[in-house]
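Dropping upload_33.tsv in here (TSV, C-alpha atoms):
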chain	number	residue	atom	x	y	z
M	956	PHE	CA	43.22	-43.77	-42.01
M	957	GLU	CA	46.24	-45.76	-43.03
M	958	GLY	CA	47.71	-44.21	-46.14
M	959	ALA	CA	46.13	-40.77	-45.50
M	960	ARG	CA	48.68	-38.02	-45.88
M	961	ASN	CA	49.40	-35.58	-43.05
M	962	PHE	CA	47.07	-37.36	-40.63
M	963	PRO	CA	46.41	-36.42	-37.94
M	964	SER	CA	46.76	-32.66	-38.34
M	965	ALA	CA	45.50	-29.66	-36.41
M	966	LEU	CA	42.34	-29.72	-38.57
M	967	ASP	CA	41.45	-33.07	-36.99
M	968	ASP	CA	41.60	-31.80	-33.41
M	969	LEU	CA	38.44	-31.18	-31.40
M	970	PRO	CA	37.52	-27.48	-31.29
M	971	SER	CA	38.75	-25.60	-28.24
M	972	LEU	CA	36.70	-22.91	-26.48
M	973	PRO	CA	37.90	-20.37	-23.91
M	974	LEU	CA	36.95	-21.26	-20.34
M	975	GLU	CA	36.92	-18.84	-17.43
M	976	ARG	CA	36.23	-19.65	-13.78
M	977	ARG	CA	34.89	-16.89	-11.53
M	978	GLY	CA	33.31	-17.26	-8.11
M	979	GLY	CA	32.63	-20.95	-8.68
M	980	PHE	CA	30.88	-20.27	-12.02
M	981	LEU	CA	32.18	-21.37	-15.42
M	982	PHE	CA	31.94	-19.16	-18.51
M	983	THR	CA	32.57	-19.84	-22.16
M	984	SER	CA	31.56	-18.44	-25.54
M	985	LEU	CA	31.36	-19.79	-29.05
M	986	GLU	CA	32.43	-16.41	-30.44
M	987	PRO	CA	33.91	-14.23	-27.68
M	988	ARG	CA	33.89	-10.52	-28.45
M	989	SER	CA	36.80	-9.89	-26.09
M	990	ALA	CA	38.69	-11.41	-23.18
M	991	PHE	CA	36.46	-12.09	-20.20
M	992	ASP	CA	38.46	-9.82	-17.90
M	993	ASP	CA	38.06	-6.99	-20.40
M	994	ALA	CA	34.28	-7.23	-20.11
M	995	LEU	CA	34.50	-6.72	-16.33
M	996	ARG	CA	36.86	-3.73	-16.52
M	997	ALA	CA	35.42	-0.32	-15.67
M	998	ALA	CA	34.49	1.66	-18.77
M	999	PRO	CA	36.54	4.79	-19.61
M	1000	GLY	CA	35.48	7.79	-17.61
M	1001	GLU	CA	33.89	5.85	-14.76
M	1002	GLY	CA	36.69	6.69	-12.33
M	1003	GLU	CA	36.70	4.98	-8.95
M	1004	LEU	CA	33.63	2.79	-8.49
M	1005	GLY	CA	33.94	2.67	-4.73
M	1006	PHE	CA	33.98	-1.14	-4.75
M	1007	ASP	CA	35.63	-3.92	-6.68
M	1008	PRO	CA	33.80	-4.26	-10.04
M	1009	ASN	CA	34.84	-7.91	-10.24
M	1010	LEU	CA	32.08	-9.08	-7.95
M	1011	PHE	CA	32.89	-12.72	-8.63
M	1012	ASP	CA	35.91	-12.40	-6.36
M	1013	ALA	CA	33.60	-11.39	-3.50
M	1014	ILE	CA	31.14	-14.26	-3.94
M	1015	PRO	CA	31.37	-16.74	-1.02
M	1016	SER	CA	33.10	-20.02	-1.79
M	1017	ASP	CA	30.42	-22.07	-0.01
M	1018	LEU	CA	27.58	-21.32	-2.45
M	1019	HIS	CA	25.36	-24.28	-3.23
M	1020	HIS	CA	22.72	-24.62	-5.91
M	1021	ASP	CA	19.21	-24.70	-4.42
M	1022	PRO	CA	16.94	-26.19	-7.12
M	1023	ARG	CA	13.84	-25.58	-4.97
M	1024	ARG	CA	14.25	-21.87	-5.64
M	1025	ASP	CA	14.78	-22.23	-9.40
M	1026	ARG	CA	12.12	-20.79	-11.70
M	1027	ASP	CA	11.46	-20.54	-15.45
M	1028	PHE	CA	9.24	-17.64	-16.48
M	1029	LEU	CA	7.60	-17.06	-19.87
M	1030	VAL	CA	7.12	-13.40	-20.78
M	1031	GLU	CA	4.95	-12.34	-23.71
M	1032	ALA	CA	7.36	-9.66	-24.89
M	1033	HIS	CA	10.56	-9.15	-26.88
M	1034	TRP	CA	13.72	-10.01	-24.92
M	1035	VAL	CA	15.16	-6.51	-25.42
M	1036	LEU	CA	12.26	-5.00	-23.46
M	1037	TYR	CA	12.98	-7.34	-20.56
M	1038	VAL	CA	16.66	-6.33	-20.48
M	1039	GLU	CA	15.77	-2.64	-20.74
M	1040	ASN	CA	13.46	-3.00	-17.76
M	1041	TYR	CA	16.23	-4.66	-15.76
M	1042	LEU	CA	18.67	-1.86	-16.55
M	1043	GLU	CA	16.59	1.19	-15.61
M	1044	GLY	CA	15.65	2.44	-12.17
M	1045	PHE	CA	12.64	4.60	-13.03
M	1046	HIS	CA	10.04	1.95	-12.36
M	1047	VAL	CA	11.19	0.68	-8.94
M	1048	PRO	CA	9.10	2.99	-6.70
M	1049	TYR	CA	6.03	2.63	-8.91
M	1050	VAL	CA	6.12	-1.08	-9.77
M	1051	HIS	CA	7.97	-2.69	-6.83
M	1052	PRO	CA	6.58	-1.30	-3.55
M	1053	GLY	CA	8.15	-4.09	-1.52
M	1054	LEU	CA	11.59	-3.64	-3.07
M	1055	ALA	CA	11.34	0.14	-2.76
M	1056	LYS	CA	10.92	-0.20	1.01
M	1057	ALA	CA	14.27	-2.02	1.20
M	1058	LEU	CA	16.25	0.38	-1.03
M	1059	ASP	CA	17.35	3.98	-0.66
M	1060	LEU	CA	16.55	5.05	-4.21
M	1061	ASP	CA	18.48	8.31	-3.91
M	1062	GLY	CA	21.63	6.23	-3.51
M	1063	TYR	CA	20.86	3.88	-6.42
M	1064	ARG	CA	23.71	4.07	-8.95
M	1065	THR	CA	24.78	2.45	-12.22
M	1066	PHE	CA	28.45	1.85	-13.07
M	1067	LEU	CA	29.43	1.05	-16.65
M	1068	LEU	CA	31.83	-1.77	-17.46
M	1069	GLU	CA	33.37	-2.56	-20.84
M	1070	GLY	CA	30.97	-5.45	-21.40
M	1071	GLY	CA	28.02	-4.63	-19.17
M	1072	ASN	CA	27.26	-2.70	-16.00
M	1073	ILE	CA	26.64	-2.93	-12.27
M	1074	GLN	CA	23.66	-1.43	-10.52
M	1075	LEU	CA	24.30	-0.78	-6.84
M	1076	GLY	CA	21.29	-0.98	-4.55
M	1077	VAL	CA	21.77	0.93	-1.28
M	1078	ALA	CA	19.87	-0.30	1.79
M	1079	ARG	CA	17.56	1.94	3.77
M	1080	PRO	CA	18.54	2.33	7.44
M	1081	GLY	CA	17.77	-0.87	9.32
M	1082	GLU	CA	17.46	-3.00	6.17
M	1083	LEU	CA	19.70	-5.96	5.36
M	1084	ALA	CA	23.05	-5.08	3.77
M	1085	PHE	CA	26.45	-6.64	3.16
M	1086	GLU	CA	28.55	-6.62	6.30
M	1087	GLY	CA	30.42	-3.37	6.82
M	1088	THR	CA	28.56	-1.52	4.05
M	1089	ASP	CA	25.17	-0.03	3.23
M	1090	HIS	CA	25.02	-2.08	0.01
M	1091	ALA	CA	21.80	-4.10	-0.23
M	1092	ALA	CA	22.45	-5.76	-3.60
M	1093	TYR	CA	24.66	-5.75	-6.67
M	1094	TYR	CA	23.00	-6.29	-10.04
M	1095	LEU	CA	25.60	-7.29	-12.62
M	1096	TRP	CA	24.53	-7.43	-16.28
M	1097	LEU	CA	26.82	-8.89	-18.93
M	1098	TYR	CA	25.92	-8.13	-22.55
M	1099	PRO	CA	23.62	-9.25	-23.95
M	1100	ASN	CA	21.44	-11.44	-21.71
M	1101	LEU	CA	23.17	-12.60	-18.53
M	1102	MET	CA	22.38	-11.21	-15.07
M	1103	PHE	CA	24.00	-11.90	-11.71
M	1104	ASN	CA	22.05	-10.59	-8.73
M	1105	VAL	CA	24.30	-10.72	-5.65
M	1106	TYR	CA	22.59	-10.52	-2.25
M	1107	PRO	CA	23.80	-11.13	1.32
M	1108	TRP	CA	22.18	-14.60	1.16
M	1109	GLY	CA	23.81	-15.61	-2.16
M	1110	VAL	CA	23.36	-15.21	-5.92
M	1111	SER	CA	20.41	-15.36	-8.28
M	1112	VAL	CA	21.45	-15.91	-11.90
M	1113	ASN	CA	19.02	-14.81	-14.62
M	1114	ILE	CA	19.38	-15.99	-18.22
M	1115	VAL	CA	17.17	-14.21	-20.78
M	1116	GLU	CA	16.36	-16.42	-23.78
M	1117	PRO	CA	14.56	-15.10	-26.89
M	1118	LEU	CA	11.81	-17.47	-28.10
M	1119	GLY	CA	10.29	-15.17	-30.73
M	1120	LEU	CA	9.53	-11.55	-31.51
M	1121	GLU	CA	7.08	-11.34	-28.61
M	1122	ARG	CA	8.04	-14.25	-26.37
M	1123	THR	CA	10.91	-14.62	-23.92
M	1124	ARG	CA	11.95	-17.23	-21.37
M	1125	VAL	CA	13.80	-16.09	-18.25
M	1126	ARG	CA	15.60	-18.76	-16.23
M	1127	PHE	CA	16.21	-18.03	-12.54
M	1128	ARG	CA	18.87	-20.18	-10.85
M	1129	SER	CA	19.59	-19.71	-7.15
M	1130	PHE	CA	22.86	-20.32	-5.34
M	1131	VAL	CA	22.70	-19.91	-1.56
M	1132	SER	CA	25.44	-19.22	0.97
M	1133	ARG	CA	23.53	-17.98	4.02
M	1134	PRO	CA	20.04	-19.52	4.07
M	1135	GLU	CA	19.18	-17.75	7.33
M	1136	LEU	CA	19.07	-14.47	5.38
M	1137	LEU	CA	16.59	-15.68	2.75
M	1138	GLY	CA	13.37	-13.69	2.62
M	1139	ARG	CA	15.00	-10.48	3.86
M	1140	GLY	CA	16.13	-7.26	2.21
M	1141	ALA	CA	16.34	-6.47	-1.50
M	1142	GLY	CA	16.56	-10.16	-2.42
M	1143	GLY	CA	13.69	-11.24	-0.21
M	1144	SER	CA	10.77	-11.56	-2.66
M	1145	LEU	CA	12.20	-12.43	-6.08
M	1146	ASP	CA	9.03	-14.13	-7.35
M	1147	GLU	CA	6.90	-11.11	-6.48
M	1148	VAL	CA	9.35	-8.72	-8.15
M	1149	GLU	CA	9.46	-10.91	-11.26
M	1150	PHE	CA	5.67	-10.97	-11.63
M	1151	GLU	CA	5.60	-7.18	-11.27
M	1152	ASP	CA	8.28	-6.84	-13.94
M	1153	GLU	CA	6.43	-9.17	-16.31
M	1154	THR	CA	3.28	-7.07	-16.04
M	1155	VAL	CA	5.19	-3.91	-16.99
M	1156	VAL	CA	7.21	-5.48	-19.81
M	1157	GLU	CA	4.16	-7.10	-21.42
M	1158	SER	CA	2.37	-3.75	-21.22
M	1159	GLU	CA	5.34	-2.13	-22.98
M	1160	GLN	CA	5.14	-4.76	-25.72
M	1161	ARG	CA	1.55	-3.74	-26.39
M	1162	GLY	CA	2.44	-0.05	-26.20
M	1163	ILE	CA	5.20	-0.09	-28.81
M	1164	ARG	CA	2.73	-1.49	-31.38
M	1165	SER	CA	0.89	1.83	-31.28
M	1166	ARG	CA	1.21	4.10	-34.31
M	1167	LEU	CA	1.56	6.96	-31.81
M	1168	TYR	CA	4.66	5.51	-30.18
M	1169	ARG	CA	7.83	7.58	-30.53
M	1170	ARG	CA	11.19	7.04	-28.95
M	1171	GLY	CA	11.95	9.09	-25.84
M	1172	ARG	CA	14.93	10.68	-24.13
M	1173	TYR	CA	17.41	8.94	-21.84
M	1174	SER	CA	17.55	9.92	-18.19
M	1175	PRO	CA	21.22	10.64	-17.38
M	1176	LYS	CA	20.78	9.28	-13.84
M	1177	ARG	CA	18.35	6.40	-14.23
M	1178	GLU	CA	18.97	5.09	-17.75
M	1179	ARG	CA	22.75	4.93	-18.12
M	1180	GLY	CA	22.50	1.16	-18.43
M	1181	VAL	CA	19.73	1.30	-21.02
M	1182	HIS	CA	21.70	3.79	-23.11
M	1183	GLN	CA	24.78	1.54	-22.95
M	1184	PHE	CA	22.69	-1.51	-23.94
M	1185	HIS	CA	21.31	0.31	-26.97
M	1186	ARG	CA	24.78	1.42	-28.06
M	1187	LEU	CA	26.12	-2.15	-27.78
M	1188	LEU	CA	23.11	-3.45	-29.73
M	1189	GLN	CA	23.58	-0.82	-32.42
M	1190	ALA	CA	27.27	-1.69	-32.79
M	1191	ALA	CA	26.48	-5.41	-33.07
M	1192	LEU	CA	23.70	-4.89	-35.63
M	1193	ALA	CA	25.86	-2.53	-37.68
Can the structure from this file be put into structure tokens for me?
Amino acid sequence: FEGARNFPSALDDLPSLPLERRGGFLFTSLEPRSAFDDALRAAPGEGELGFDPNLFDAIPSDLHHDPRRDRDFLVEAHWVLYVENYLEGFHVPYVHPGLAKALDLDGYRTFLLEGGNIQLGVARPGELAFEGTDHAAYYLWLYPNLMFNVYPWGVSVNIVEPLGLERTRVRFRSFVSRPELLGRGAGGSLDEVEFEDETVVESEQRGIRSRLYRRGRYSPKRERGVHQFHRLLQAALA
């Protein structure tokens, strides 16, 4: 480049992306909508959550990736239906009998964040919970397609990838801290719960094709997360 004027300049630099480190995980975005900490902040009106919404600070530092527990699932349904299913609590007692035995569904709550939400699963008496609490699991969803499921044994990360209008890939990646707790509590049978979810979501995909299908109402208690997801989608599409 001898003879080139104003070389090198800022235009010749490699692009720089924001990088955030939380709980041993690294996050970046090609087009961030906001600062990462803003996404984890409690939404207006949520008040006191009763626990720290930044769950990454509570994740053990000795997590290790266990590739033997990794799974890739193909779901014959639109990715939005999969996320909706993750965010609502209606179906748990009807679709997940094993999970329902571990959770006190009356205590199940959803807390809204600026960029997602946290579902708190409360353990039934005698079931596995985080030390000093009755919390069986934390389900953190970050808009639009990232899920962190935090259990006493570690973390299961779910990444929902659209492959088409009626085809979705869900990647499960497992990070273990206390292997002696695997197979117990709300995070004990992830494969079984996933297969049950797939059956429901694929049935929903068939159902929405019906000419008789109409949209329904939102349950104030069980579908706060779904309502938030739809509002975020609507804002993005607008």
**Q.** Protein and nucleic acid residues near (25.0, -5.4, -10.5) (cut-off 12 Å, only C-alpha atoms) as JSON, numbers by chain
**A.** {"M": [995, 1006, 1007, 1008, 1009, 1010, 1011, 1041, 1042, 1043, 1063, 1064, 1065, 1066, 1067, 1068, 1071, 1072, 1073, 1074, 1075, 1076, 1077, 1090, 1091, 1092, 1093, 1094, 1095, 1096, 1097, 1101, 1102, 1103, 1104, 1105, 1106, 1110, 1111, 1112, 1113, 1180]}
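Each of M:Gln1183, M:Leu972, M:Arg1164, M:Ala998 was compared to Glu986 in chain M using only C-alpha atoms, and M:Leu972 turns out to be the nearest.
Counting from CA of Gly1087 in chain M, the distance to CA of Arg1177 in chain M is 26.2 Å.
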**Q.** Spatial neighbours of Thr1154 in chain M, 10 Å, all atoms listed in the file, chain gap at least 5 places, as a VMD selection string
**A.** chain M and resid 1030 to 1031 1050 1149 1159
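Shortest separation to Phe1085 in chain M among M:Pro1107, M:Asp992, M:Glu1135, M:Arg1161 occurs at residue M:Pro1107, atoms counted being only C-alpha atoms.
The smallest atom-to-atom distance between Leu1058 in chain M and any of M:Asp968, M:Glu975, M:Glu1039, M:Asp1089, using only C-alpha atoms, is found for M:Asp1089.
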Draw an axis-aligned box over all listed atoms of range 1012-1023 of chain M, pad each side with 5 Å, and write its centre and edge lengths in Å, one decimal, as lines of an AutoDock Vina configuration file.
center_x = 24.9
center_y = -18.8
center_z = -3.6
size_x = 32.1
size_y = 24.8
size_z = 17.1
